[in-house]
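Q: What follows is the file entry_18.cif, containing mmCIF, C-alpha atoms:
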data_input
loop_
_atom_site.label_atom_id
_atom_site.label_comp_id
_atom_site.auth_asym_id
_atom_site.auth_seq_id
_atom_site.Cartn_x
_atom_site.Cartn_y
_atom_site.Cartn_z
CA MET A 33 102.31 -30.04 105.68
CA THR A 34 103.31 -27.42 108.26
CA ALA A 35 105.95 -25.97 105.93
CA LYS A 36 103.38 -25.83 103.12
CA LEU A 37 100.86 -24.02 105.30
CA ILE A 38 103.48 -21.47 106.34
CA ARG A 39 104.47 -20.84 102.72
CA ASN A 40 100.80 -20.60 101.72
CA ALA A 41 100.24 -18.04 104.49
CA TYR A 42 103.13 -15.95 103.19
CA GLU A 43 101.79 -15.99 99.63
CA ALA A 44 98.29 -15.12 100.89
CA VAL A 45 99.66 -12.12 102.78
CA LEU A 46 101.47 -10.91 99.67
CA THR A 47 98.30 -11.20 97.60
CA MET A 48 96.10 -9.44 100.13
CA THR A 49 98.68 -6.67 100.57
CA ALA A 50 98.51 -6.04 96.82
CA VAL A 51 94.70 -6.17 96.95
CA LEU A 52 94.53 -3.61 99.77
CA LEU A 53 97.03 -1.35 98.00
CA CYS A 54 95.04 -1.37 94.75
CA TRP A 55 91.75 -1.01 96.66
CA ALA A 56 93.10 2.05 98.50
CA ALA A 57 94.22 3.63 95.22
CA ALA A 58 90.83 2.94 93.62
CA LEU A 59 89.09 4.33 96.70
CA GLY A 60 91.07 7.53 96.29
CA LEU A 61 90.08 7.76 92.63
CA GLU A 62 86.45 7.13 93.49
CA GLY A 63 86.37 9.91 96.06
CA THR A 64 88.37 12.41 94.02
CA PHE A 65 86.67 12.01 90.65
CA GLY A 66 83.20 10.88 91.74
CA LEU A 67 83.45 7.41 90.21
CA HIS A 68 81.03 4.59 90.93
CA THR A 69 81.39 1.73 93.38
CA ASP A 70 82.14 -0.82 90.69
CA VAL A 71 85.66 0.61 90.29
CA LEU A 72 86.44 -0.80 93.76
CA VAL A 73 85.01 -4.20 92.87
CA LEU A 74 87.03 -4.27 89.64
CA ALA A 75 90.22 -3.31 91.50
CA VAL A 76 89.86 -6.11 94.05
CA CYS A 77 88.88 -8.76 91.50
CA LEU A 78 91.67 -7.95 89.05
CA THR A 79 94.34 -7.84 91.75
CA LEU A 80 93.21 -11.18 93.17
CA THR A 81 93.24 -12.86 89.78
CA LEU A 82 96.50 -11.28 88.62
CA SER A 83 98.52 -12.25 91.69
CA ALA A 84 98.73 -15.93 90.77
CA THR A 85 99.48 -15.36 87.09
CA GLN A 86 102.22 -12.76 87.72
CA ARG A 87 104.05 -14.46 90.60
CA THR A 88 106.77 -15.96 88.39
CA ALA A 89 106.37 -13.74 85.31
CA ASP A 90 109.45 -12.30 83.65
CA THR A 91 109.73 -8.73 82.38
CA ARG A 92 108.40 -9.58 78.93
CA ARG A 93 105.31 -11.32 80.31
CA ARG A 94 104.63 -8.40 82.63
CA LEU A 95 104.83 -5.90 79.80
CA VAL A 96 102.32 -7.99 77.87
CA SER A 97 100.09 -7.98 80.95
CA LEU A 98 100.39 -4.20 81.24
CA VAL A 99 98.97 -3.90 77.72
CA LEU A 100 96.35 -6.64 77.77
CA VAL A 101 94.85 -6.26 81.26
CA PRO A 102 93.94 -2.54 81.02
CA ALA A 103 92.70 -2.99 77.44
CA THR A 104 90.48 -5.97 78.28
CA ALA A 105 89.33 -4.33 81.52
CA GLY A 106 88.10 -1.37 79.50
CA ALA A 107 86.50 -3.63 76.91
CA SER A 108 84.74 -5.63 79.62
CA ILE A 109 82.88 -2.48 80.67
CA PHE A 110 81.39 -2.16 77.19
CA LEU A 111 80.56 -5.86 77.26
CA GLY A 112 78.78 -5.37 80.58
CA ARG A 113 76.74 -2.57 79.03
CA LEU A 114 75.94 -4.75 76.03
CA ILE A 115 74.69 -7.57 78.26
CA ALA A 116 72.51 -5.09 80.16
CA SER A 117 71.00 -3.63 76.98
CA ASP A 118 70.90 -6.72 74.74
CA TYR A 119 71.27 -9.88 76.80
CA ALA A 120 71.42 -12.31 73.85
CA ALA A 121 74.06 -10.35 71.96
CA GLY A 122 76.13 -9.76 75.08
CA ALA A 123 75.96 -13.43 76.05
CA ALA A 124 77.09 -14.43 72.55
CA VAL A 125 80.09 -12.08 72.65
CA TYR A 126 81.01 -13.23 76.15
CA THR A 127 80.82 -16.90 75.13
CA LEU A 128 82.95 -16.40 72.02
CA TRP A 129 85.52 -14.37 73.96
CA MET A 130 85.96 -17.09 76.58
CA ALA A 131 86.13 -19.84 73.96
CA LEU A 132 88.77 -17.91 72.01
CA ALA A 133 90.86 -17.47 75.16
CA ILE A 134 91.03 -21.28 75.41
CA TRP A 135 91.30 -22.11 71.71
CA ILE A 136 94.53 -20.09 71.27
CA ARG A 137 96.31 -22.46 73.68
CA ARG A 138 97.07 -24.56 70.62
CA TYR A 139 99.85 -22.07 69.84
CA GLY A 140 101.89 -22.83 72.95
CA PRO A 141 102.64 -21.53 76.46
CA THR A 142 102.83 -17.85 75.47
CA ALA A 143 99.43 -17.97 73.80
CA THR A 144 98.08 -19.80 76.86
CA ARG A 145 99.18 -16.96 79.13
CA VAL A 146 97.66 -14.40 76.76
CA GLY A 147 94.39 -16.31 76.87
CA THR A 148 94.48 -16.21 80.65
CA LEU A 149 94.91 -12.42 80.66
CA LEU A 150 92.06 -12.02 78.15
CA ALA A 151 89.73 -13.94 80.44
CA LEU A 152 90.56 -12.23 83.75
CA PRO A 153 88.43 -9.05 83.38
CA LEU A 154 85.48 -11.12 82.18
CA VAL A 155 85.67 -13.20 85.34
CA ALA A 156 85.67 -9.99 87.36
CA LEU A 157 82.59 -8.85 85.42
CA LEU A 158 80.66 -11.83 86.81
CA VAL A 159 81.56 -11.36 90.48
CA VAL A 160 79.40 -8.30 91.12
CA PRO A 161 77.58 -7.20 87.94
CA GLY A 162 75.52 -4.03 87.61
CA PRO A 163 72.22 -5.31 89.10
CA ALA A 164 74.03 -6.36 92.28
CA LEU A 165 75.45 -2.89 92.88
CA PRO A 166 73.66 -0.17 94.88
CA PRO A 167 71.38 2.28 93.00
CA GLU A 168 73.99 5.06 93.03
CA ALA A 169 76.44 2.76 91.25
CA GLN A 170 73.88 1.51 88.75
CA SER A 171 73.33 4.92 87.22
CA GLY A 172 76.33 4.34 84.98
CA LEU A 173 79.37 2.15 84.80
CA VAL A 174 82.86 3.62 84.89
CA THR A 175 84.17 4.56 81.49
CA TRP A 176 86.65 2.35 79.70
CA GLY A 177 89.43 4.81 80.54
CA TRP A 178 88.92 4.52 84.29
CA SER A 179 88.58 0.76 83.97
CA ALA A 180 91.83 0.60 82.02
CA LEU A 181 93.52 2.71 84.68
CA THR A 182 92.22 0.34 87.33
CA GLY A 183 93.74 -2.56 85.39
CA ALA A 184 97.09 -0.75 85.30
CA LEU A 185 96.86 -0.07 89.04
CA ALA A 186 96.20 -3.76 89.66
CA CYS A 187 99.30 -4.70 87.65
CA GLY A 188 101.45 -2.14 89.47
CA SER A 189 100.21 -3.15 92.91
CA VAL A 190 100.88 -6.84 92.28
CA TRP A 191 104.36 -6.24 90.85
CA LEU A 192 105.39 -3.84 93.63
CA VAL A 193 104.32 -6.12 96.47
CA GLN A 194 105.76 -9.26 94.87
CA ALA A 195 109.07 -7.53 94.12
CA LEU A 196 109.37 -6.31 97.72
CA GLY A 197 108.45 -9.78 98.95
CA ASP A 198 111.15 -11.38 96.80
CA ARG A 199 113.73 -8.86 97.95
CA PHE A 200 113.03 -8.74 101.67
CA GLY A 201 110.86 -11.77 102.37
CA PRO A 202 111.94 -15.26 103.42
CA TRP A 203 111.01 -16.87 100.08
CA ARG A 204 111.42 -16.02 96.43
CA ALA A 205 109.11 -17.10 93.63
CA GLU A 206 110.34 -20.22 91.88
CA PRO A 207 108.96 -20.71 88.35
CA ALA A 208 107.81 -24.23 87.64
CA PRO A 209 109.50 -25.91 84.68
CA GLU A 210 107.48 -26.01 81.50
CA PRO A 211 106.16 -29.51 80.77
CA PRO A 212 107.41 -30.98 77.50
CA ARG A 213 105.01 -30.43 74.64
CA ARG A 214 103.96 -33.55 72.83
CA PRO A 215 101.98 -33.44 69.61
CA SER A 216 98.49 -34.71 70.27
CA ARG A 217 96.90 -37.30 68.04
CA LEU A 218 93.44 -36.22 69.04
CA HIS A 219 91.22 -34.71 66.37
CA PRO A 220 89.97 -32.13 67.05
CA ARG A 221 92.88 -30.97 69.21
CA PRO A 222 92.48 -30.77 73.01
CA SER A 223 92.41 -26.95 72.88
CA THR A 224 89.59 -27.05 70.33
CA ARG A 225 87.65 -29.60 72.38
CA MET A 226 88.02 -27.55 75.57
CA ALA A 227 87.02 -24.34 73.77
CA LEU A 228 83.87 -25.99 72.42
CA GLN A 229 83.06 -27.44 75.83
CA MET A 230 83.52 -24.03 77.45
CA ALA A 231 81.36 -22.37 74.82
CA ALA A 232 78.59 -24.95 75.22
CA GLY A 233 78.66 -24.75 79.02
CA ILE A 234 78.66 -20.95 79.16
CA ALA A 235 76.00 -20.58 76.47
CA ALA A 236 73.73 -23.00 78.33
CA ALA A 237 74.50 -21.17 81.60
CA PHE A 238 73.49 -17.82 80.09
CA THR A 239 70.26 -19.35 78.78
CA LEU A 240 69.19 -21.22 81.91
CA GLY A 241 70.62 -18.55 84.19
CA THR A 242 68.26 -15.83 83.01
CA LEU A 243 65.29 -18.23 82.71
CA LEU A 244 65.65 -19.68 86.21
CA PHE A 245 67.37 -16.92 88.20
CA ASP A 246 66.56 -13.65 86.42
CA HIS A 247 69.37 -11.11 87.04
CA HIS A 248 71.26 -13.58 89.25
CA TRP A 249 72.40 -15.42 86.10
CA PRO A 250 76.12 -14.61 86.78
CA TRP A 251 76.25 -17.27 89.52
CA VAL A 252 75.42 -19.95 86.95
CA VAL A 253 77.86 -18.64 84.32
CA LEU A 254 80.71 -18.19 86.80
CA THR A 255 80.40 -21.77 88.05
CA ALA A 256 80.25 -23.12 84.51
CA TYR A 257 83.50 -21.28 83.76
CA VAL A 258 85.31 -22.24 86.97
CA ALA A 259 84.55 -25.95 86.69
CA ALA A 260 85.67 -26.11 83.05
CA SER A 261 88.78 -23.90 83.26
CA GLY A 262 92.05 -25.81 83.13
CA ASN A 263 90.10 -28.88 82.03
CA ARG A 264 92.26 -31.99 82.42
CA GLY A 265 89.53 -34.44 81.60
CA ARG A 266 86.01 -35.41 82.62
CA ASN A 267 86.89 -36.43 86.17
CA ASP A 268 88.74 -33.15 86.74
CA VAL A 269 85.67 -31.11 85.77
CA LEU A 270 83.43 -33.29 87.95
CA ARG A 271 85.78 -32.88 90.92
CA LYS A 272 85.94 -29.09 90.58
CA GLY A 273 82.17 -28.83 90.25
CA ILE A 274 81.69 -30.85 93.44
CA GLU A 275 84.35 -28.85 95.30
CA ARG A 276 82.79 -25.54 94.30
CA LEU A 277 79.32 -26.66 95.39
CA ALA A 278 80.61 -28.07 98.69
CA GLY A 279 82.58 -24.91 99.38
CA ALA A 280 79.60 -22.71 98.57
CA CYS A 281 77.45 -24.69 101.02
CA ALA A 282 80.03 -24.19 103.77
CA GLY A 283 80.33 -20.51 102.89
CA THR A 284 76.56 -20.16 103.06
CA LEU A 285 76.50 -21.47 106.62
CA LEU A 286 79.31 -19.09 107.55
CA ALA A 287 77.51 -16.16 105.94
CA VAL A 288 74.31 -16.98 107.84
CA ALA A 289 76.28 -16.96 111.09
CA VAL A 290 77.83 -13.59 110.23
CA ALA A 291 74.43 -12.15 109.34
CA ALA A 292 72.97 -13.43 112.61
CA ALA A 293 75.78 -11.63 114.48
CA GLY A 294 74.63 -8.34 112.93
CA VAL A 295 77.92 -7.39 111.25
CA THR A 296 77.38 -4.31 109.05
CA GLY A 297 79.11 -1.24 107.67
CA HIS A 298 82.87 -0.90 107.57
CA THR A 299 83.21 -3.85 109.92
CA SER A 300 81.76 -6.09 107.22
CA VAL A 301 84.34 -4.78 104.72
CA ALA A 302 87.20 -5.54 107.13
CA LEU A 303 85.77 -8.99 107.79
CA MET A 304 85.42 -9.58 104.04
CA PHE A 305 89.14 -8.99 103.52
CA ALA A 306 89.96 -11.22 106.49
CA VAL A 307 87.83 -14.03 105.06
CA LEU A 308 89.51 -13.67 101.66
CA THR A 309 92.94 -13.89 103.31
CA VAL A 310 92.08 -17.16 105.03
CA ALA A 311 90.54 -18.52 101.84
CA LEU A 312 93.69 -17.65 99.89
CA TRP A 313 95.79 -19.37 102.54
CA LEU A 314 93.85 -22.63 102.28
CA ARG A 315 93.08 -22.58 98.55
CA PRO A 316 96.17 -24.61 97.50
CA LEU A 317 94.97 -27.44 99.74
CA ASN A 318 91.51 -27.68 98.16
CA TYR A 319 89.46 -25.39 95.94
CA ALA A 320 86.46 -25.85 98.25
CA TYR A 321 88.12 -23.53 100.79
CA TRP A 322 88.28 -20.76 98.21
CA ALA A 323 84.67 -21.30 97.16
CA ALA A 324 83.56 -21.11 100.79
CA GLY A 325 85.51 -17.91 101.39
CA MET A 326 84.24 -16.24 98.23
CA THR A 327 80.63 -17.13 99.02
CA CYS A 328 80.93 -15.59 102.47
CA ALA A 329 82.85 -12.55 101.20
CA LEU A 330 80.30 -11.84 98.48
CA SER A 331 77.52 -12.07 101.04
CA LEU A 332 79.31 -9.48 103.18
CA LEU A 333 79.78 -7.23 100.14
CA LEU A 334 76.13 -7.38 99.16
CA GLY A 335 75.16 -6.75 102.77
CA TYR A 336 77.37 -3.66 102.78
CA PHE A 337 75.50 -2.44 99.69
CA GLY A 338 72.23 -2.83 101.58
CA GLN A 339 70.94 -6.02 99.99
CA ASP A 340 69.45 -8.86 102.01
CA ALA A 341 72.30 -11.18 101.16
CA GLN A 342 71.11 -13.86 103.56
CA SER A 343 67.87 -14.37 101.63
CA LEU A 344 69.84 -14.64 98.36
CA LEU A 345 72.13 -17.43 99.55
CA PRO A 346 69.76 -20.33 98.72
CA THR A 347 69.33 -18.92 95.22
CA ARG A 348 73.09 -18.62 94.89
CA LEU A 349 73.52 -22.28 95.83
CA GLU A 350 70.92 -23.32 93.27
CA GLY A 351 72.70 -21.29 90.59
CA ILE A 352 76.06 -22.86 91.47
CA ALA A 353 74.54 -26.34 91.30
CA VAL A 354 73.05 -25.66 87.84
CA GLY A 355 76.32 -24.21 86.55
CA ALA A 356 78.29 -27.22 87.82
CA VAL A 357 75.89 -29.67 86.16
CA LEU A 358 76.11 -27.81 82.83
CA SER A 359 79.90 -27.75 82.90
CA VAL A 360 80.16 -31.44 83.79
CA ALA A 361 77.64 -32.37 81.09
CA SER A 362 79.57 -30.52 78.36
CA ALA A 363 82.89 -32.03 79.48
CA TRP A 364 81.51 -35.57 79.60
CA TRP A 365 79.43 -35.68 76.44
CA LEU A 366 80.79 -33.05 74.05
CA LEU A 367 84.12 -34.21 72.59
CA PRO A 368 85.51 -35.35 75.99
CA VAL A 369 89.25 -34.93 76.55
CA PRO A 370 90.84 -38.22 77.65
CA ARG A 371 92.87 -38.10 80.85
CA GLY A 372 96.46 -37.05 80.25
CA ARG A 373 95.81 -35.71 76.74
CA THR A 374 96.09 -31.98 77.52
CA ARG A 375 99.87 -31.59 77.30
CA ALA A 376 99.67 -30.04 73.86
CA ALA A 377 97.45 -27.33 75.32
CA PRO A 378 98.95 -26.37 78.67
CA ALA A 379 96.43 -25.71 81.38
CA VAL A 380 95.91 -22.06 82.19
CA VAL A 381 96.76 -20.84 85.66
CA ARG A 382 93.40 -20.77 87.36
CA PRO A 383 92.41 -17.25 88.35
CA SER A 384 90.83 -16.52 91.67
CA GLU A 385 87.29 -16.95 90.60
CA GLY A 386 84.47 -16.48 92.84
#
Would you mind giving the structure from this file in structure tokens?
A:
Amino acid sequence: MTAKLIRNAYEAVLTMTAVLLCWAAALGLEGTFGLHTDVLVLAVCLTLTLSATQRTADTRRRLVSLVLVPATAGASIFLGRLIASDYAAGAAVYTLWMALAIWIRRYGPTATRVGTLLALPLVALLVVPGPALPPEAQSGLVTWGWSALTGALACGSVWLVQALGDRFGPWRAEPAPEPPRRPSRLHPRPSTRMALQMAAGIAAAFTLGTLLFDHHWPWVVLTAYVAASGNRGRNDVLRKGIERLAGACAGTLLAVAVAAAGVTGHTSVALMFAVLTVALWLRPLNYAYWAAGMTCALSLLLGYFGQDAQSLLPTRLEGIAVGAVLSVASAWWLLPVPRGRTRAAPAVVRPSEG
């Protein structure tokens, strides 16, 4: 266990180094060209999510990432605008996009990785959407070109830090062997079942999210996605839903303590990165640690933007609970995937969702 914790700490430091590098580059762009605050949020989210998927990637996979990540990052900006202007249409496009990213797993490991890259910017879109940003950042989202550049910066930051870590660090990345693919006798196929479950869960989350939580609907949708991603069966979805809710409760208590201490300004930003580092370190042990860290970090971010994040925490917990229930319900009652039947559709590497 000690060796595992040390290795986890090393990987967490690599990830956060890449995050800080990309964040600094995005901060320079923001100041030089008068961009909006969401470029910083996008930079941090993309770098966090990319780090796990690129750790053992070969040159070919990284070139694919360099094309797909900037392109989908730019497209996600237009999708964010569509959701803001026409919620129903935007929700439909978002749901279909996420379902497609899972459905294409039927075509093998390469298609699975492509689906992962297609989903990453959409996860980032949910972490801090337009209504959660300060008024000066709500006047307009960054254009697709700046978003695409941010995606390229995220790729470059991750590759640079990981390459230096492999060259000079104590450990090198070791790719896990691909599990043997066995034709599934399930009809529909596991990938189709999981895509339909994801679509049902996210569609219900969009519907109930706006009805129950107004513009805080992303908390419901994000939880519905996290609990269903990498679905290995009904019990797996139930476990992840419980872990996310438990972690969010712990993160809420931590955020309340931080708010009571009066942490504000740049100190809150520094503390946010510190919390994310610890959460990354402990995430391989249990997803609840990551959920707790993200809940606290998001509270610090909203507090930095001037929102009363402490008063929003109960609403956030309610949204997470609703999203978890929706995801579990779709996995249990809509074409459930029997345990051990997902080999034909390899599980996607879980991004660092919030």
Q: Under the rule that all atoms listed in the file are counted, which of A:Pro222, A:Gly233, A:Gly262, A:Pro368 is the nearest residue to Gly147 in chain A?
A: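 Between A:Pro222, A:Gly233, A:Gly262, A:Pro368, the residue approaching Gly147 in chain A most closely is A:Gly262.
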Q: Identify all residues satisfying the PyMOL selection byres ((chain A and resi 49) around 12) in the given file; provide them as an MDAnalysis selection string.
A: chainID A and resid 42:48 50:56 76 79:80 83 186 189:194 196:197 305:306 308:309
Q: Can you tell me which residues surround Gly265 in chain A at a distance of at most 7 Å, considering all atoms listed in the file, apart from same-chain residues fewer than 3 positions away, and format the answer as a list in words?
A: Asp268, Val269, Pro368, Val369, Pro370 and Arg371 of chain A
Q: Report as number ranges by chain the residues that result from applying the PyMOL selection byres ((chain A and resi 109-113) around 10) to the structure here.
A: A: 104-108, 114-119, 121-123, 125-126, 153-154, 157-158, 161-162, 172-180
Q: Excluding range 127-132 of chain A and its own-chain neighbours fewer than 6 positions away, which residues fall within 12 Å of it when counting only C-alpha atoms? Please give them as a CSV table (one decimal) with C-alpha atoms, keeping the file's coordinate frame.
A:
chain,number,residue,atom,x,y,z
A,104,THR,CA,90.5,-6.0,78.3
A,107,ALA,CA,86.5,-3.6,76.9
A,108,SER,CA,84.7,-5.6,79.6
A,111,LEU,CA,80.6,-5.9,77.3
A,115,ILE,CA,74.7,-7.6,78.3
A,119,TYR,CA,71.3,-9.9,76.8
A,120,ALA,CA,71.4,-12.3,73.8
A,121,ALA,CA,74.1,-10.4,72.0
A,138,ARG,CA,97.1,-24.6,70.6
A,143,ALA,CA,99.4,-18.0,73.8
A,144,THR,CA,98.1,-19.8,76.9
A,146,VAL,CA,97.7,-14.4,76.8
A,147,GLY,CA,94.4,-16.3,76.9
A,148,THR,CA,94.5,-16.2,80.6
A,149,LEU,CA,94.9,-12.4,80.7
A,150,LEU,CA,92.1,-12.0,78.2
A,151,ALA,CA,89.7,-13.9,80.4
A,152,LEU,CA,90.6,-12.2,83.8
A,153,PRO,CA,88.4,-9.0,83.4
A,154,LEU,CA,85.5,-11.1,82.2
A,155,VAL,CA,85.7,-13.2,85.3
A,223,SER,CA,92.4,-27.0,72.9
A,224,THR,CA,89.6,-27.0,70.3
A,225,ARG,CA,87.6,-29.6,72.4
A,226,MET,CA,88.0,-27.6,75.6
A,227,ALA,CA,87.0,-24.3,73.8
A,228,LEU,CA,83.9,-26.0,72.4
A,229,GLN,CA,83.1,-27.4,75.8
A,230,MET,CA,83.5,-24.0,77.4
A,231,ALA,CA,81.4,-22.4,74.8
A,232,ALA,CA,78.6,-25.0,75.2
A,233,GLY,CA,78.7,-24.8,79.0
A,234,ILE,CA,78.7,-21.0,79.2
A,235,ALA,CA,76.0,-20.6,76.5
A,236,ALA,CA,73.7,-23.0,78.3
A,237,ALA,CA,74.5,-21.2,81.6
A,238,PHE,CA,73.5,-17.8,80.1
A,239,THR,CA,70.3,-19.4,78.8
A,253,VAL,CA,77.9,-18.6,84.3
A,254,LEU,CA,80.7,-18.2,86.8
A,256,ALA,CA,80.2,-23.1,84.5
A,257,TYR,CA,83.5,-21.3,83.8
A,258,VAL,CA,85.3,-22.2,87.0
A,260,ALA,CA,85.7,-26.1,83.0
A,261,SER,CA,88.8,-23.9,83.3
Q: Looking at all atoms listed in the file, which of A:Ala41, A:Ala291, A:Val159, A:Ala57 is the one that sits closest to Ala311 in chain A?
A: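 Checking each candidate against Ala311 in chain A, we get A:Ala41 as the closest.
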Q: Can you list what the PyMOL selection byres ((chain A and resi 202-207) around 12) grabs from this structure, as a ChimeraX atom specification?
A: /A:35,38-43,46,83-90,194-201,208-211
Q: Please provide as JSON, numbers by chain all residues within 12 Å of range 278-280 of chain A, with the sequence filter that same-chain residues fewer than 2 positions apart are discarded (counting all atoms listed in the file).
A: {"A": [251, 255, 271, 272, 273, 274, 275, 276, 282, 283, 284, 285, 286, 287, 311, 314, 315, 318, 319, 320, 321, 322, 323, 324, 325, 326, 327, 328, 329, 330, 331, 345, 346, 347, 348, 349, 350, 351, 352, 353, 356, 386]}
Q: What does the distance from CA of Thr69 in chain A to CA of Val307 in chain A come to in Å, to one decimal?
A: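 Separation between CA of Thr69 in chain A and CA of Val307 in chain A: 20.6 Å.
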Q: In Å, with one decimal, what is the gap from CA of Leu358 in chain A to CA of Phe245 in chain A?
A: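 Between these atoms lies a distance of 15.0 Å.
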Q: Just give me the gap between CA of Pro250 in chain A and CA of Ser343 in chain A in Å, one decimal is fine.
A: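 Pair CA of Pro250 in chain A / CA of Ser343 in chain A returns 17.0 Å.
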